[in-house]
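S.K.: Quick one: this structure, given as structure tokens, is what I'll be asking you about.
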Amino acid sequence: MSNRVRSARLRMSRKESAWKPLPYTYQVMASSQISVVYLYPGTSYPVTHSTGFQPEPNESVLMAQQIKSKKRVTEHGEVFTAEREVNAMLDLVKQETERIDSRFLEPACGNGNFLVEILRRKLMVIWSINTKQYGRKADHNKINCELVQAVCSIYGIDIMQDNVEECRLRLLEIISEWYPHAHLGGRLDGDLLETVRFVLKRNVLWGDALTLCTPDERKEPIIFSEWGFIGQSVKRRDFTLDMLLRPRKFEGPSLFDSLGDDVFIPEPCAEYPMLNYDKLYTQDY
């Protein structure tokens with residue numbers, strides 16, 4: 001084994017002293033696969049992010065991790081988007097990915113490649129404007145509120161239930177890894193952890209984005225929650241996806257009538273009392 005490879009492995013095994021833009025736990029593979037590190041089940045990326053070691057990419061290994069099985073490709077057309085394409089596409093709307101409250105819906109989210117990268121960028125912004133700038137003087141309550149707001153802004157749908165569960169897990173893991181660096185210690189737990197889990201359960205759903213229903217015999221409508229932040233308080237309203245995509249024409253006077261356009265205002269199917277941002281999980285009913 002060359003000294004260069006040995007050095008790269010050593011650096012990857014040490015715990016980083018500061019959070020980096022890609023806060024993942026690295027597992028080094030055999031030397032024949034040294035061009036790949038596995039971040040989570042079913043995903044792989046080049047080593048170059050944190051080690052500086054730049055081998056030639058093993059395209060066959062990278063491509064293999066974009067599919068779970070040939071059967072799923074045949075039956076569902078399931079091919080996960082590679083990291084390079086994910087970043088290239090998100091860079092087209094880079095300003096939006098760096099706005100904490102900017103909402104994203106991925107209608108075929110798979111195991112979360114797009115949503116994970118969007119969340120990573122939002123968390124990096126929170127870290128930059130708080131911890132990096134103010135250190136131990138940073139307002140930790142503000143950091144927590146912005147974390148919940150970032151999670152509330154990310155939505156996903158997938159027709160495969162195992163993908164939905166894996167996507168939620170990946171998003172939770174990146175938050176758990178980021179949290180100690182944003183707070184210079186501590187870990188995600190208590191009310192905040194329960195709220196993050198609850199929001200992920202409400203925002204990343206099993207469904208068919210073509211029929212706007214669950215892909216089973218029950219055909220239940222897909223229902224998303226809107227999280228409206230007013231300071232550190234949050235107002236939850238639930239909407240069917242059908243209502244959001246095909247809203248009914250608003251009947252009655254409107255401020256926009258003078259423009260000569262039809263007015264479409266989605267109607268919520270449920271509304272909930274306003275709560276503090278870390279108590280949202282208490283509305284799990």
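Chain labels A, B, ... are given in the sequence in which chains occur in the structure tokens; within each chain residues are numbered consecutively from 1, and ligands are likewise numbered from 1 in the order shown.
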Please provide as a compact mmCIF listing (two decimals) with C-alpha atoms, in the first residue's frame all residues within 9 Å of Arg202 in chain A, with the sequence filter that same-chain residues fewer than 2 positions apart are discarded (counting only C-alpha atoms).

M.R.:
# COMPACT_ATOMS: atom_id res chain seq x y z
CA TYR A 155 -40.81 17.87 1.26
CA ARG A 197 -38.72 13.30 13.73
CA PHE A 198 -42.34 14.39 13.62
CA VAL A 199 -41.77 16.96 10.88
CA LEU A 200 -39.82 14.44 8.77
CA VAL A 204 -41.47 12.90 3.55
CA LEU A 205 -44.38 10.73 2.51
CA ILE A 223 -51.59 15.39 2.70
CA PHE A 224 -48.76 17.80 3.42
CA SER A 225 -48.41 20.22 6.31

S.K.: Would you please work out which residue, of A:Lys137, A:Lys219, A:Arg168, A:Lys132, is nearest to Ala182 in chain A when using only C-alpha atoms?

M.R.: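 Smallest separation from Ala182 in chain A among the options: A:Lys132.
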
S.K.: Have a look at A:Ile175, A:Met274, A:Ile159, A:Asp189 and name the one nearest to Thr211 in chain A; count only C-alpha atoms.

M.R.: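 Between A:Ile175, A:Met274, A:Ile159, A:Asp189, the residue approaching Thr211 in chain A most closely is A:Ile159.
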
S.K.: Near range 92-101 of chain A, counting only C-alpha atoms, which residues have an atom at most 7 Å away, once you skip same-chain residues fewer than 2 positions from it, shown as a ChimeraX atom specification?

M.R.: /A:88-90,103,118,121-122,125,149-150,153

S.K.: What's around Glu146 in chain A at 9 Å? Count only C-alpha atoms, leave out sequence neighbours fewer than 5 positions away in its own chain, and write the answer as a list of chain:residue names.

M.R.: A:Ile100, A:Asp101, A:Leu123, A:Ile126, A:Asn141, A:Val151, A:Gln232

S.K.: Rank nothing, just name the residue among A:Val116, A:Cys213, A:Leu147, A:Ile265 nearest to Asp242 in chain A, using only C-alpha atoms.

M.R.: A:Cys213

S.K.: Among range 53-276 of chain A, which residues does DSSP mark as alpha helix (DSSP H) when it is run on the backbone? Keep the chain and numbering as in the structure and answer as an MDAnalysis selection string.

M.R.: chainID A and resid 59:64 70:76 83:91 94:97 113:129 131:134 140:152 161:182 190:203 241:245

S.K.: Please give the complete set of residues from range 102-263 of chain A that DSSP, run on the backbone, assigns to strand (DSSP E or B), formatted as a PyMOL selection string.

M.R.: chain A and resi 104-106+154-158+204-206+208+213+221+223-230+233-240+249

S.K.: I need the chosen residues saved as a CSV table (one decimal), in the first residue's frame, with N, CA, C and O atoms.

M.R.:
chain,number,residue,atom,x,y,z
A,104,PHE,N,-38.9,23.3,-0.8
A,104,PHE,CA,-38.6,22.4,-1.9
A,104,PHE,C,-39.5,21.1,-1.8
A,104,PHE,O,-39.6,20.6,-0.7
A,105,LEU,N,-40.0,20.7,-2.9
A,105,LEU,CA,-40.8,19.5,-3.0
A,105,LEU,C,-40.1,18.6,-4.1
A,105,LEU,O,-40.0,19.0,-5.2
A,106,GLU,N,-39.7,17.4,-3.7
A,106,GLU,CA,-39.1,16.4,-4.6
A,106,GLU,C,-40.1,15.3,-4.8
A,106,GLU,O,-40.4,14.5,-3.9
A,154,ILE,N,-38.6,21.3,3.7
A,154,ILE,CA,-38.2,20.2,2.8
A,154,ILE,C,-39.2,19.1,2.7
A,154,ILE,O,-39.7,18.6,3.7
A,155,TYR,N,-39.7,18.8,1.5
A,155,TYR,CA,-40.8,17.9,1.3
A,155,TYR,C,-40.4,16.8,0.2
A,155,TYR,O,-39.7,17.2,-0.7
A,156,GLY,N,-40.9,15.6,0.4
A,156,GLY,CA,-40.5,14.6,-0.5
A,156,GLY,C,-41.7,13.5,-0.6
A,156,GLY,O,-42.4,13.3,0.3
A,157,ILE,N,-41.8,12.9,-1.8
A,157,ILE,CA,-42.7,11.8,-2.0
A,157,ILE,C,-42.0,10.7,-2.8
A,157,ILE,O,-41.2,11.0,-3.6
A,158,ASP,N,-42.2,9.5,-2.4
A,158,ASP,CA,-41.7,8.4,-3.2
A,158,ASP,C,-42.7,7.2,-3.1
A,158,ASP,O,-43.4,7.0,-2.1
A,204,VAL,N,-42.0,13.9,4.5
A,204,VAL,CA,-41.5,12.9,3.5
A,204,VAL,C,-42.4,11.7,3.6
A,204,VAL,O,-42.5,11.0,4.6
A,205,LEU,N,-43.2,11.6,2.5
A,205,LEU,CA,-44.4,10.7,2.5
A,205,LEU,C,-44.3,9.6,1.5
A,205,LEU,O,-43.7,9.8,0.4
A,206,TRP,N,-45.0,8.5,1.8
A,206,TRP,CA,-45.1,7.4,0.8
A,206,TRP,C,-46.4,7.8,0.0
A,206,TRP,O,-47.5,8.0,0.5
A,208,ASP,N,-47.8,8.3,-4.5
A,208,ASP,CA,-47.6,8.4,-6.0
A,208,ASP,C,-47.9,9.8,-6.5
A,208,ASP,O,-49.0,10.3,-6.4
A,213,CYS,N,-52.1,10.2,-4.7
A,213,CYS,CA,-52.7,9.3,-3.6
A,213,CYS,C,-51.6,8.3,-3.2
A,213,CYS,O,-50.6,8.1,-3.8
A,221,PRO,N,-55.6,10.3,-0.1
A,221,PRO,CA,-54.9,11.5,-0.7
A,221,PRO,C,-53.6,11.8,0.1
A,221,PRO,O,-53.5,11.6,1.3
A,223,ILE,N,-51.3,14.2,1.9
A,223,ILE,CA,-51.6,15.4,2.7
A,223,ILE,C,-50.3,15.9,3.3
A,223,ILE,O,-49.6,15.2,4.0
A,224,PHE,N,-49.9,17.1,2.9
A,224,PHE,CA,-48.8,17.8,3.4
A,224,PHE,C,-49.1,18.9,4.4
A,224,PHE,O,-50.2,19.4,4.4
A,225,SER,N,-48.2,19.2,5.3
A,225,SER,CA,-48.4,20.2,6.3
A,225,SER,C,-47.6,21.5,5.9
A,225,SER,O,-46.5,21.4,5.5
A,226,GLU,N,-48.3,22.6,6.0
A,226,GLU,CA,-47.6,23.9,5.8
A,226,GLU,C,-47.2,24.4,7.2
A,226,GLU,O,-48.1,24.4,8.1
A,227,TRP,N,-46.0,24.8,7.4
A,227,TRP,CA,-45.5,25.2,8.7
A,227,TRP,C,-45.2,26.7,8.6
A,227,TRP,O,-44.2,27.1,8.0
A,228,GLY,N,-46.1,27.6,9.1
A,228,GLY,CA,-45.9,29.0,9.0
A,228,GLY,C,-45.2,29.5,10.3
A,228,GLY,O,-45.8,29.4,11.4
A,229,PHE,N,-44.0,30.1,10.1
A,229,PHE,CA,-43.2,30.6,11.2
A,229,PHE,C,-43.5,32.1,11.5
A,229,PHE,O,-43.5,32.9,10.6
A,230,ILE,N,-43.9,32.4,12.7
A,230,ILE,CA,-44.0,33.8,13.2
A,230,ILE,C,-43.1,33.9,14.4
A,230,ILE,O,-43.5,33.5,15.5
A,233,SER,N,-42.8,30.9,16.9
A,233,SER,CA,-44.1,30.2,17.0
A,233,SER,C,-44.4,29.7,15.6
A,233,SER,O,-44.0,30.3,14.6
A,234,VAL,N,-45.1,28.5,15.5
A,234,VAL,CA,-45.4,27.9,14.2
A,234,VAL,C,-46.9,27.6,14.1
A,234,VAL,O,-47.5,27.0,15.1
A,235,LYS,N,-47.5,27.9,13.0
A,235,LYS,CA,-48.8,27.6,12.7
A,235,LYS,C,-48.9,26.5,11.6
A,235,LYS,O,-48.3,26.7,10.5
A,236,ARG,N,-49.5,25.4,12.0
A,236,ARG,CA,-49.6,24.3,11.0
A,236,ARG,C,-50.9,24.2,10.4
A,236,ARG,O,-52.0,24.4,11.0
A,237,ARG,N,-50.9,24.1,9.0
A,237,ARG,CA,-52.1,23.9,8.2
A,237,ARG,C,-51.9,22.7,7.3
A,237,ARG,O,-50.8,22.7,6.6
A,238,ASP,N,-52.8,21.8,7.2
A,238,ASP,CA,-52.7,20.7,6.3
A,238,ASP,C,-53.4,20.9,5.0
A,238,ASP,O,-54.6,21.4,5.0
A,239,PHE,N,-52.8,20.5,3.9
A,239,PHE,CA,-53.4,20.6,2.5
A,239,PHE,C,-53.3,19.2,1.8
A,239,PHE,O,-52.2,18.6,1.9
A,240,THR,N,-54.3,18.8,1.1
A,240,THR,CA,-54.1,17.7,0.2
A,240,THR,C,-53.2,18.2,-1.0
A,240,THR,O,-53.3,19.4,-1.4
A,249,LYS,N,-61.2,27.5,-8.0
A,249,LYS,CA,-61.3,29.0,-8.3
A,249,LYS,C,-62.0,29.6,-7.0
A,249,LYS,O,-63.0,29.1,-6.5

S.K.: Restricting the calculation to only C-alpha atoms: of A:Ala138, A:Val73, A:Cys269, A:Leu169, which residue gets closest to His183 in chain A?

M.R.: A:Ala138

S.K.: For Cys109 in chain A, which residue out of A:Cys152, A:Met124, A:Val164, A:Ile67 is the nearest one, using only C-alpha atoms?

M.R.: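 That would be A:Val164, the residue with the smallest distance to Cys109 in chain A.
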